[in-house]
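Colleague: TSV, C-alpha atoms and all ligand atoms, saved as my_file35.tsv, coming up:
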```
chain	number	residue	atom	x	y	z
A	1	MET	CA	10.76	32.25	7.66
A	2	ARG	CA	11.90	29.95	4.84
A	3	ILE	CA	11.10	26.26	5.27
A	4	ALA	CA	12.87	23.69	3.11
A	5	ARG	CA	12.80	19.90	2.89
A	6	TYR	CA	16.22	18.43	2.30
A	7	VAL	CA	18.25	15.27	2.26
A	8	ALA	CA	21.67	15.29	3.92
A	9	TYR	CA	24.19	12.54	3.26
A	10	GLY	CA	21.62	10.16	1.79
A	11	GLY	CA	19.27	10.19	4.78
A	12	GLU	CA	15.50	10.62	4.87
A	13	PRO	CA	14.00	14.03	3.93
A	14	ARG	CA	13.87	16.44	6.89
A	15	TYR	CA	12.48	19.91	7.32
A	16	GLY	CA	14.75	22.84	8.04
A	17	ILE	CA	14.77	26.61	8.35
A	18	VAL	CA	16.83	28.25	5.60
A	19	GLU	CA	19.09	31.06	6.81
A	20	LEU	CA	20.44	33.43	4.15
A	21	PRO	CA	23.01	36.24	4.26
A	22	GLU	CA	20.25	38.86	4.10
A	23	ASP	CA	18.84	37.54	7.39
A	24	ALA	CA	20.31	38.81	10.61
A	25	GLY	CA	22.30	36.03	12.21
A	26	ASP	CA	25.55	34.19	12.32
A	27	HIS	CA	24.79	31.32	9.93
A	28	PRO	CA	24.52	32.54	6.32
A	29	ASP	CA	23.51	30.02	3.64
A	30	THR	CA	22.64	27.30	6.07
A	31	VAL	CA	19.67	25.09	6.84
A	32	ALA	CA	18.83	24.46	10.49
A	33	THR	CA	17.00	21.17	11.05
A	34	ILE	CA	13.60	21.21	12.74
A	35	SER	CA	11.74	18.25	14.18
A	36	GLY	CA	8.46	17.05	12.73
A	37	ASP	CA	6.25	18.54	10.02
A	38	PRO	CA	5.70	22.31	10.22
A	39	LEU	CA	2.35	21.90	8.42
A	40	ALA	CA	1.13	19.63	11.21
A	41	GLY	CA	1.97	21.82	14.19
A	42	PRO	CA	4.72	23.46	16.21
A	43	VAL	CA	8.30	22.38	15.57
A	44	ASN	CA	11.58	22.71	17.42
A	45	TYR	CA	15.14	23.23	16.29
A	46	THR	CA	17.12	20.02	16.73
A	47	GLY	CA	20.49	21.78	16.91
A	48	GLU	CA	21.70	20.30	13.61
A	49	ARG	CA	22.75	22.77	10.94
A	50	TYR	CA	24.15	22.23	7.44
A	51	ALA	CA	25.57	24.43	4.71
A	52	LEU	CA	22.96	24.67	1.94
A	53	ASP	CA	25.60	23.50	-0.53
A	54	ASP	CA	26.00	20.26	1.42
A	55	VAL	CA	22.36	19.16	1.24
A	56	ARG	CA	20.00	18.24	-1.61
A	57	LEU	CA	16.72	20.16	-1.50
A	58	VAL	CA	13.58	18.21	-2.36
A	59	SER	CA	10.05	19.50	-2.90
A	60	PRO	CA	9.23	21.68	0.14
A	61	VAL	CA	5.76	20.14	0.25
A	62	ILE	CA	4.14	16.95	-1.00
A	63	PRO	CA	0.49	17.94	-1.43
A	64	ARG	CA	-1.65	15.71	0.74
A	65	SER	CA	-4.49	15.65	-1.74
A	66	LYS	CA	-4.13	17.96	-4.73
A	67	VAL	CA	-2.55	20.76	-6.69
A	68	VAL	CA	-5.23	23.22	-7.79
A	69	ALA	CA	-4.13	25.32	-10.74
A	70	ILE	CA	-5.50	28.41	-12.45
A	71	GLY	CA	-5.53	28.96	-16.21
A	72	LYS	CA	-5.44	32.28	-18.09
A	73	ASN	CA	-4.87	34.42	-14.99
A	74	TYR	CA	-2.65	36.93	-16.82
A	75	ALA	CA	-4.20	38.84	-19.73
A	76	ALA	CA	-0.93	38.91	-21.70
A	77	HIS	CA	-0.65	35.10	-21.50
A	78	ALA	CA	-4.26	34.58	-22.61
A	79	ALA	CA	-3.54	36.96	-25.51
A	80	GLU	CA	-0.51	34.95	-26.69
A	81	PHE	CA	-2.93	32.08	-27.40
A	82	ASN	CA	-5.49	34.42	-29.03
A	83	SER	CA	-7.70	34.02	-25.99
A	84	THR	CA	-9.17	36.33	-23.39
A	85	VAL	CA	-9.38	36.13	-19.62
A	86	PRO	CA	-12.33	34.12	-18.27
A	87	ALA	CA	-15.29	35.73	-16.49
A	88	GLU	CA	-14.37	33.83	-13.34
A	89	PRO	CA	-11.22	31.86	-12.36
A	90	LEU	CA	-10.53	28.87	-14.64
A	91	VAL	CA	-9.61	25.93	-12.37
A	92	PHE	CA	-7.98	22.58	-13.14
A	93	LEU	CA	-6.22	19.93	-11.07
A	94	LYS	CA	-2.75	18.43	-11.27
A	95	PRO	CA	-2.16	15.11	-9.47
A	96	ASN	CA	0.11	15.21	-6.43
A	97	THR	CA	2.26	12.59	-8.21
A	98	SER	CA	3.32	15.32	-10.66
A	99	VAL	CA	5.27	17.14	-7.93
A	100	ILE	CA	9.08	17.14	-7.97
A	101	GLY	CA	11.67	19.26	-6.20
A	102	PRO	CA	14.44	21.63	-7.25
A	103	GLY	CA	17.07	20.02	-9.44
A	104	GLU	CA	14.95	16.97	-10.17
A	105	PRO	CA	14.41	16.19	-13.86
A	106	ILE	CA	11.33	17.15	-15.86
A	107	VAL	CA	10.78	14.03	-17.97
A	108	TYR	CA	9.95	14.72	-21.64
A	109	PRO	CA	7.23	12.21	-22.60
A	110	PRO	CA	7.30	10.36	-25.93
A	111	GLU	CA	3.66	11.37	-26.60
A	112	THR	CA	4.46	15.09	-27.04
A	113	SER	CA	6.52	17.21	-29.39
A	114	ASP	CA	5.73	20.56	-27.74
A	115	LEU	CA	6.61	20.64	-24.03
A	116	HIS	CA	6.30	24.09	-22.44
A	117	PHE	CA	7.43	25.77	-19.22
A	118	GLU	CA	5.02	28.02	-17.29
A	119	GLY	CA	6.63	29.92	-14.38
A	120	GLU	CA	4.10	30.56	-11.59
A	121	LEU	CA	3.68	31.73	-8.02
A	122	ALA	CA	2.45	28.85	-5.81
A	123	ILE	CA	0.42	29.12	-2.59
A	124	VAL	CA	0.81	26.44	0.12
A	125	ILE	CA	-2.32	25.94	2.22
A	126	GLY	CA	-1.90	25.65	5.99
A	127	ARG	CA	-5.37	24.82	7.30
A	128	ILE	CA	-8.33	22.66	6.35
A	129	CYS	CA	-10.82	25.10	4.91
A	130	ARG	CA	-14.01	25.52	2.89
A	131	ARG	CA	-15.88	28.65	1.78
A	132	VAL	CA	-13.19	31.07	2.84
A	133	PRO	CA	-14.19	34.70	2.16
A	134	ALA	CA	-11.50	36.70	0.33
A	135	GLU	CA	-10.90	38.94	3.33
A	136	ARG	CA	-9.96	35.87	5.44
A	137	ALA	CA	-7.71	34.18	2.85
A	138	ALA	CA	-4.51	35.04	4.75
A	139	GLU	CA	-5.68	32.84	7.64
A	140	VAL	CA	-5.49	29.64	5.56
A	141	ILE	CA	-2.20	30.34	3.74
A	142	PHE	CA	0.94	28.68	5.12
A	143	GLY	CA	3.33	30.30	2.66
A	144	TYR	CA	4.47	30.70	-0.92
A	145	THR	CA	6.89	28.98	-3.26
A	146	VAL	CA	7.88	28.92	-6.93
A	147	ALA	CA	6.30	26.52	-9.43
A	148	ASN	CA	6.60	25.42	-13.04
A	149	ASP	CA	3.27	24.28	-14.54
A	150	VAL	CA	4.84	22.03	-17.18
A	151	THR	CA	2.46	21.50	-20.10
A	152	CYS	CA	2.31	19.41	-23.29
A	153	ARG	CA	0.86	22.17	-25.48
A	154	ASP	CA	-0.05	19.76	-28.29
A	155	LEU	CA	-1.86	17.31	-25.99
A	156	GLN	CA	-3.65	20.21	-24.30
A	157	ALA	CA	-5.17	21.13	-27.67
A	158	LYS	CA	-5.76	17.52	-28.77
A	159	ASP	CA	-7.47	16.35	-25.57
A	160	ARG	CA	-9.61	19.50	-25.21
A	161	GLN	CA	-9.10	19.28	-21.45
A	162	TRP	CA	-5.86	19.38	-19.54
A	163	SER	CA	-5.54	16.36	-17.25
A	164	ARG	CA	-2.96	14.49	-19.33
A	165	ALA	CA	-1.22	17.54	-20.82
A	166	LYS	CA	-0.46	18.94	-17.36
A	167	GLY	CA	-0.61	15.80	-15.24
A	168	TYR	CA	2.39	13.67	-16.19
A	169	ASP	CA	4.78	12.66	-13.42
A	170	SER	CA	7.39	15.45	-12.95
A	171	PHE	CA	5.14	18.19	-14.42
A	172	CYS	CA	4.89	20.19	-11.17
A	173	PRO	CA	8.33	21.30	-9.97
A	174	LEU	CA	8.06	23.20	-6.65
A	175	GLY	CA	10.69	25.00	-4.59
A	176	PRO	CA	13.29	25.87	-3.58
A	177	TRP	CA	11.52	26.40	-0.21
A	178	ILE	CA	8.33	27.83	1.33
A	179	THR	CA	8.45	31.48	2.40
A	180	THR	CA	5.98	32.07	5.22
A	181	HIS	CA	6.32	35.71	6.18
A	182	LEU	CA	4.45	37.35	3.27
A	183	SER	CA	0.88	38.66	3.23
A	184	PRO	CA	-1.33	37.98	0.18
A	185	ASP	CA	-0.76	41.61	-0.83
A	186	ASP	CA	3.04	41.15	-0.60
A	187	ALA	CA	2.96	37.90	-2.59
A	188	GLY	CA	0.69	39.55	-5.13
A	189	ASP	CA	3.34	42.16	-5.90
A	190	LEU	CA	6.51	40.25	-6.83
A	191	HIS	CA	8.74	40.13	-9.90
A	192	LEU	CA	8.73	36.77	-11.74
A	193	THR	CA	11.21	35.68	-14.38
A	194	THR	CA	11.80	32.45	-16.28
A	195	THR	CA	15.00	31.60	-18.13
A	196	LEU	CA	15.78	28.70	-20.45
A	197	ASN	CA	19.48	27.78	-20.51
A	198	GLY	CA	20.10	31.23	-19.01
A	199	GLU	CA	18.15	33.07	-21.75
A	200	PRO	CA	15.27	35.29	-20.56
A	201	ARG	CA	11.82	33.96	-21.50
A	202	GLN	CA	9.24	35.31	-19.01
A	203	ASP	CA	9.51	38.66	-17.18
A	204	SER	CA	6.42	39.83	-15.36
A	205	GLU	CA	4.86	40.80	-12.05
A	206	THR	CA	2.41	38.86	-9.88
A	207	SER	CA	0.50	42.14	-9.55
A	208	LEU	CA	-0.74	41.49	-13.10
A	209	MET	CA	-2.83	38.48	-12.02
A	210	VAL	CA	-6.43	38.96	-13.16
A	211	TYR	CA	-7.81	37.25	-10.03
A	212	PRO	CA	-5.64	38.04	-7.00
A	213	ILE	CA	-4.72	35.55	-4.31
A	214	PRO	CA	-7.66	36.22	-1.92
A	215	ARG	CA	-10.19	35.86	-4.76
A	216	LEU	CA	-8.58	32.57	-5.89
A	217	ILE	CA	-8.83	31.13	-2.35
A	218	GLU	CA	-12.46	32.26	-2.11
A	219	PHE	CA	-13.35	30.78	-5.50
A	220	ILE	CA	-11.55	27.44	-5.06
A	221	THR	CA	-12.95	26.85	-1.57
A	222	SER	CA	-16.47	27.63	-2.84
A	223	PHE	CA	-16.50	24.10	-4.32
A	224	THR	CA	-13.74	22.05	-2.67
A	225	THR	CA	-12.14	21.57	0.74
A	226	LEU	CA	-8.47	22.53	0.86
A	227	LEU	CA	-6.19	20.56	3.19
A	228	PRO	CA	-2.91	21.54	4.82
A	229	GLY	CA	-0.18	20.99	2.22
A	230	ASP	CA	-2.45	21.46	-0.77
A	231	VAL	CA	-0.91	23.78	-3.35
A	232	ILE	CA	-2.47	26.41	-5.62
A	233	LEU	CA	-0.69	27.45	-8.83
A	234	THR	CA	-1.81	30.98	-9.64
A	235	GLY	CA	-1.30	31.02	-13.41
A	236	THR	CA	1.54	32.00	-15.71
A	237	PRO	CA	2.34	35.32	-17.38
A	238	ASN	CA	3.21	35.70	-21.05
A	239	GLY	CA	6.41	34.37	-22.61
A	240	VAL	CA	5.79	30.63	-22.26
A	241	GLY	CA	7.66	28.45	-24.71
A	242	PRO	CA	9.10	25.05	-25.60
A	243	MET	CA	11.79	23.02	-23.82
A	244	LEU	CA	13.80	20.07	-25.11
A	245	PRO	CA	15.79	17.30	-23.43
A	246	GLY	CA	19.13	18.73	-22.37
A	247	ASP	CA	17.63	22.13	-21.48
A	248	SER	CA	17.68	23.71	-18.03
A	249	VAL	CA	14.71	25.85	-16.95
A	250	SER	CA	14.75	28.30	-14.03
A	251	VAL	CA	11.82	30.20	-12.54
A	252	SER	CA	12.69	33.01	-10.11
A	253	ILE	CA	10.40	35.09	-7.92
A	254	ASP	CA	11.93	37.95	-5.98
A	255	GLY	CA	12.11	37.06	-2.30
A	256	LEU	CA	11.03	33.43	-2.88
A	257	GLY	CA	14.12	32.07	-4.63
A	258	THR	CA	14.92	30.26	-7.87
A	259	LEU	CA	13.57	26.88	-8.97
A	260	THR	CA	15.82	25.16	-11.53
A	261	ASN	CA	15.13	21.83	-13.24
A	262	PRO	CA	16.81	19.96	-16.09
A	263	VAL	CA	14.74	18.41	-18.88
A	264	VAL	CA	15.51	14.80	-19.76
A	265	ALA	CA	14.09	12.33	-22.27
A	266	GLU	CA	12.05	9.45	-20.87
A	267	ASP	CA	14.07	6.24	-20.69
B	1	MG	MG	-0.26	27.33	-15.80
```
Starting from the file, give its structure as C-alpha cells.
Modeller:
Amino acid sequence: MRIARYVAYGGEPRYGIVELPEDAGDHPDTVATISGDPLAGPVNYTGERYALDDVRLVSPVIPRSKVVAIGKNYAAHAAEFNSTVPAEPLVFLKPNTSVIGPGEPIVYPPETSDLHFEGELAIVIGRICRRVPAERAAEVIFGYTVANDVTCRDLQAKDRQWSRAKGYDSFCPLGPWITTHLSPDDAGDLHLTTTLNGEPRQDSETSLMVYPIPRLIEFITSFTTLLPGDVILTGTPNGVGPMLPGDSVSVSIDGLGTLTNPVVAED
C-alpha cells in the first residue's frame, strides 16, 4: 500500500491511498482519500478519489519528535571524503522542522557556499519502541519513503558537528509517499538514483548499506525511544555533490517513487 498526504483544491492536508497503473484495479494514477491518520490506527476509505495530477502532495509524514539520521553508511561515500566506515552506526538528529514535501523548495541559506544533496532511503516508524532486537525490527516499521539529507558541506566541516549543517528548515525533503508492503530485506535491496537537472549524480543500491535496516533499528533504539511517525534516514551512497539556486534535484528509489525538489535562494 502507498500512503500519501495531499492537498486538493486548497483544502487541509488529507491522507490517501495512491493507486498506480501497476496495481490491479480500475483507478490508475489516483489517490483515494482515507479518514484519520494511518499512523494512529485503522482508517476507512471516504469514497473520495482524485487524479494524482489534480492534487499537491505534501510530506507523507511530519515526524512527531525527530528524524534520526545515519552518517557514513555506504563505504563508497565514506571513501569520497577520505574517510572509512565507523565501527558502529554513526547517528545524528535532524529537527522535524527541516521536513518538507515533494515539490517544495530547498532554501539555499546565505551562510553556505557548498550545499549538497544526499539521496537516501527513509524508514517511517509505526510503533513506540525501545531496545528492539534486530530480528524484531519489522514489527516497528510502518513503511519506507525517499529522502534527501540536504547538507551544507562547508558548515559541516567548520562546526565539527552537524546540527546546523543538516538542520536548516527545508533540509529534509521526504516523499512522494510511504510504501508499506516491503520487508526490511526488500527495502534493503533497492536501486537508488539521484539526478540534478536531469543529469545522473548518484547510482547505487541499498544493499550496499554497511549497517542494514534491522541493525540500525536495534542500535538507535538502544539509546532512544522511537515514536510513531519518527523517521530514520539510512545514509547516502557515493556521488553526492553541490546544488545551486535554480537547480532541480530528484531522488528515485525503485518501487518507492521519485522525490523532486527545486532549490531556491533565501529571500
Ligand atoms: Mg546523509
Colleague: Point out the residue among A:Lys72, A:Arg131, A:Lys66, A:Arg201 with the least atom-to-atom distance to ligand MG 1 (chain B), counting all atoms listed in the file.
Modeller: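 The closest residue to ligand MG 1 (chain B) is A:Lys72.
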Colleague: Please, which residues in chain A fall within 10 Å of ligand MG 1 (chain B) when counting only C-alpha atoms and all ligand atoms, and what is the closest atom pair and distance in Å to one decimal for each, ordered by chain then residue number, as a tab-separated table?
Modeller:
```
residue	atom	partner	partner_atom	distance
A:Ala69	CA	B:MG1	MG	6.7
A:Ile70	CA	B:MG1	MG	6.3
A:Gly71	CA	B:MG1	MG	5.5
A:Lys72	CA	B:MG1	MG	7.5
A:Asn73	CA	B:MG1	MG	8.5
A:Tyr74	CA	B:MG1	MG	9.9
A:His77	CA	B:MG1	MG	9.6
A:Phe92	CA	B:MG1	MG	9.4
A:His116	CA	B:MG1	MG	9.9
A:Phe117	CA	B:MG1	MG	8.6
A:Glu118	CA	B:MG1	MG	5.5
A:Gly119	CA	B:MG1	MG	7.5
A:Glu120	CA	B:MG1	MG	6.9
A:Leu121	CA	B:MG1	MG	9.8
A:Ala147	CA	B:MG1	MG	9.2
A:Asn148	CA	B:MG1	MG	7.6
A:Asp149	CA	B:MG1	MG	4.8
A:Val150	CA	B:MG1	MG	7.5
A:Thr151	CA	B:MG1	MG	7.7
A:Lys166	CA	B:MG1	MG	8.5
A:Cys172	CA	B:MG1	MG	9.9
A:Leu233	CA	B:MG1	MG	7.0
A:Thr234	CA	B:MG1	MG	7.3
A:Gly235	CA	B:MG1	MG	4.5
A:Thr236	CA	B:MG1	MG	5.0
A:Pro237	CA	B:MG1	MG	8.5
A:Val240	CA	B:MG1	MG	9.4
```
Colleague: May I have the residues within 10 Å of Trp162 of chain A as an NGL selection string, using all atoms listed in the file and disregarding those fewer than 6 positions away in the same chain?
Modeller: :A and (92-94 or 151-153 or 155-156)
Colleague: Could you tell me how far atom CA of Ala134 of chain A lies from atom CA of Arg215 of chain A, in Å and to one decimal?
Modeller: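 One can read the atom CA of Ala134 of chain A to atom CA of Arg215 of chain A distance as 5.3 Å.
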Colleague: With a distance cut-off of 7 Å and all atoms listed in the file, select the neighbouring residues of Pro60 of chain A, excluding the residue or stretch itself and same-chain residues fewer than 6 positions from it, and output the selection as a list in words.
Modeller: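 The neighbour list is Ala4, Arg5, Gly175, Pro176, Trp177 and Ile178 of chain A.
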Colleague: Could you write those residues out with C-alpha atoms, as a PDB file, in the frame of the given file?
Modeller:
```pdb
ATOM      1  CA  ALA A   4      12.870  23.690   3.110  1.00  0.00           C
ATOM      2  CA  ARG A   5      12.800  19.900   2.890  1.00  0.00           C
ATOM      3  CA  GLY A 175      10.690  25.000  -4.590  1.00  0.00           C
ATOM      4  CA  PRO A 176      13.290  25.870  -3.580  1.00  0.00           C
ATOM      5  CA  TRP A 177      11.520  26.400  -0.210  1.00  0.00           C
ATOM      6  CA  ILE A 178       8.330  27.830   1.330  1.00  0.00           C
TER       7      ILE A 178
END
```
Colleague: Could you please determine the separation between atom CA of Asn238 of chain A and atom CA of Gly188 of chain A in Å, to one decimal place?
Modeller: 16.6 Å
Colleague: Atom CA of Ala187 of chain A and atom CA of Leu216 of chain A are how many Å apart?
Modeller: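 Atom CA of Leu216 of chain A lies 13.1 Å from atom CA of Ala187 of chain A.
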Colleague: May I have the residues at most 9 Å from (-10.3, 31.3, 2.8) in the file's coordinates, counting all atoms listed in the file, as a PyMOL selection string?
Modeller: chain A and resi 129-141+214-221
Colleague: Excluding Ser65 of chain A and any residue of its chain fewer than 5 positions from it, enumerate the residues within 8 Å of it, using all atoms listed in the file, and give them as a PyMOL selection string.
Modeller: chain A and resi 96+227+229-230
Colleague: How would the residues just chosen look if you wrote them out with C-alpha atoms as a PDB file, in the frame of the given file?
Modeller:
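Resulting contents of selection23.pdb:
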```pdb
ATOM      1  CA  ASN A  96       0.110  15.210  -6.430  1.00  0.00           C
ATOM      2  CA  LEU A 227      -6.190  20.560   3.190  1.00  0.00           C
ATOM      3  CA  GLY A 229      -0.180  20.990   2.220  1.00  0.00           C
ATOM      4  CA  ASP A 230      -2.450  21.460  -0.770  1.00  0.00           C
TER       5      ASP A 230
END
```
Colleague: I want to know what sits within 8 Å of Leu192 of chain A, based on all atoms listed in the file, with residues of the same chain fewer than 4 positions away left out; could you give that as a PyMOL selection string?
Modeller: chain A and resi 119-120+202-206+251-254
Colleague: With C-alpha atoms retained, could you export that selection as a PDB file, in the coordinates of the input?
Modeller:
```pdb
ATOM      1  CA  GLY A 119       6.630  29.920 -14.380  1.00  0.00           C
ATOM      2  CA  GLU A 120       4.100  30.560 -11.590  1.00  0.00           C
ATOM      3  CA  GLN A 202       9.240  35.310 -19.010  1.00  0.00           C
ATOM      4  CA  ASP A 203       9.510  38.660 -17.180  1.00  0.00           C
ATOM      5  CA  SER A 204       6.420  39.830 -15.360  1.00  0.00           C
ATOM      6  CA  GLU A 205       4.860  40.800 -12.050  1.00  0.00           C
ATOM      7  CA  THR A 206       2.410  38.860  -9.880  1.00  0.00           C
ATOM      8  CA  VAL A 251      11.820  30.200 -12.540  1.00  0.00           C
ATOM      9  CA  SER A 252      12.690  33.010 -10.110  1.00  0.00           C
ATOM     10  CA  ILE A 253      10.400  35.090  -7.920  1.00  0.00           C
ATOM     11  CA  ASP A 254      11.930  37.950  -5.980  1.00  0.00           C
TER      12      ASP A 254
END
```
Colleague: Determine, counting only C-alpha atoms, every residue of protein, DNA or RNA that lies within 6 Å of (-5.2, 20.1, 6.9) in the file coordinates, then give the result as a list in words.
Modeller: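 Taken together, the residues in range are Arg127, Ile128, Leu227 and Pro228 of chain A.
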Colleague: Report as a ChimeraX atom specification all protein, DNA and RNA residues lying within 10 Å of Asp53 of chain A, evaluated on only C-alpha atoms, omitting residues in the same chain fewer than 2 positions from it.
Modeller: /A:29-31,50-51,55-57
Colleague: Go ahead and save the picked residues with C-alpha atoms, as a JSON list (two decimals), in the coordinates of the input.
Modeller:
```
[["chain", "number", "residue", "atom", "x", "y", "z"],
["A", 29, "ASP", "CA", 23.51, 30.02, 3.64],
["A", 30, "THR", "CA", 22.64, 27.30, 6.07],
["A", 31, "VAL", "CA", 19.67, 25.09, 6.84],
["A", 50, "TYR", "CA", 24.15, 22.23, 7.44],
["A", 51, "ALA", "CA", 25.57, 24.43, 4.71],
["A", 55, "VAL", "CA", 22.36, 19.16, 1.24],
["A", 56, "ARG", "CA", 20.00, 18.24, -1.61],
["A", 57, "LEU", "CA", 16.72, 20.16, -1.50]]
```
Colleague: Kindly indicate which residue among A:Ser113, A:Tyr108, A:Val99, A:Tyr144 lies nearest to Ser170 of chain A, using all atoms listed in the file for the distances.
Modeller: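 Ranking A:Ser113, A:Tyr108, A:Val99, A:Tyr144 by distance to Ser170 of chain A, first place goes to A:Val99.
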Colleague: Using all atoms listed in the file, can you tell me which of A:Ala78, A:Val263, A:Val91, A:Leu39 comes closest to Ser163 of chain A?
Modeller: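 Of A:Ala78, A:Val263, A:Val91, A:Leu39, the one nearest Ser163 of chain A, counting all atoms listed in the file, is A:Val91.
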Colleague: If I only have part of segment 191-199 of chain A, can you fill in all heavy atoms and write it as a compact mmCIF listing (two decimals), in the coordinates of the input?
Modeller:
```txt
# COMPACT_ATOMS: atom_id res chain seq x y z
N HIS A 191 8.20 40.27 -8.55
CA HIS A 191 8.74 40.13 -9.90
C HIS A 191 9.02 38.67 -10.20
O HIS A 191 9.63 37.98 -9.37
CB HIS A 191 10.04 40.95 -9.97
CG HIS A 191 10.64 41.05 -11.33
ND1 HIS A 191 11.99 41.13 -11.55
CD2 HIS A 191 10.07 41.09 -12.57
CE1 HIS A 191 12.23 41.21 -12.84
NE2 HIS A 191 11.09 41.18 -13.49
N LEU A 192 8.56 38.17 -11.34
CA LEU A 192 8.73 36.77 -11.74
C LEU A 192 9.47 36.71 -13.06
O LEU A 192 9.11 37.42 -14.00
CB LEU A 192 7.35 36.10 -11.86
CG LEU A 192 7.28 34.62 -12.25
CD1 LEU A 192 5.98 34.00 -11.74
CD2 LEU A 192 7.40 34.37 -13.74
N THR A 193 10.50 35.87 -13.12
CA THR A 193 11.21 35.68 -14.38
C THR A 193 11.42 34.19 -14.62
O THR A 193 11.54 33.41 -13.68
CB THR A 193 12.59 36.37 -14.40
OG1 THR A 193 13.38 35.84 -13.33
CG2 THR A 193 12.47 37.87 -14.25
N THR A 194 11.45 33.82 -15.89
CA THR A 194 11.80 32.45 -16.28
C THR A 194 12.91 32.54 -17.31
O THR A 194 12.86 33.36 -18.22
CB THR A 194 10.59 31.72 -16.89
OG1 THR A 194 9.51 31.74 -15.96
CG2 THR A 194 10.94 30.28 -17.23
N THR A 195 13.94 31.69 -17.13
CA THR A 195 15.00 31.60 -18.13
C THR A 195 15.11 30.17 -18.62
O THR A 195 14.84 29.21 -17.87
CB THR A 195 16.37 32.05 -17.57
OG1 THR A 195 16.75 31.17 -16.50
CG2 THR A 195 16.32 33.48 -17.04
N LEU A 196 15.50 30.02 -19.88
CA LEU A 196 15.78 28.70 -20.45
C LEU A 196 17.24 28.68 -20.88
O LEU A 196 17.64 29.49 -21.73
CB LEU A 196 14.85 28.43 -21.65
CG LEU A 196 14.92 27.02 -22.20
CD1 LEU A 196 14.32 26.00 -21.22
CD2 LEU A 196 14.21 26.93 -23.55
N ASN A 197 18.02 27.82 -20.27
CA ASN A 197 19.48 27.78 -20.51
C ASN A 197 20.09 29.17 -20.31
O ASN A 197 20.99 29.58 -21.04
CB ASN A 197 19.78 27.25 -21.92
CG ASN A 197 19.13 25.90 -22.16
OD1 ASN A 197 19.11 25.06 -21.27
ND2 ASN A 197 18.58 25.71 -23.34
N GLY A 198 19.57 29.91 -19.33
CA GLY A 198 20.10 31.23 -19.01
C GLY A 198 19.53 32.37 -19.85
O GLY A 198 19.78 33.54 -19.56
N GLU A 199 18.73 32.04 -20.88
CA GLU A 199 18.15 33.07 -21.75
C GLU A 199 16.80 33.51 -21.21
O GLU A 199 15.96 32.66 -20.91
CB GLU A 199 17.95 32.51 -23.18
CG GLU A 199 19.22 32.13 -23.89
CD GLU A 199 20.04 33.35 -24.30
OE1 GLU A 199 19.44 34.36 -24.68
OE2 GLU A 199 21.29 33.28 -24.19
```
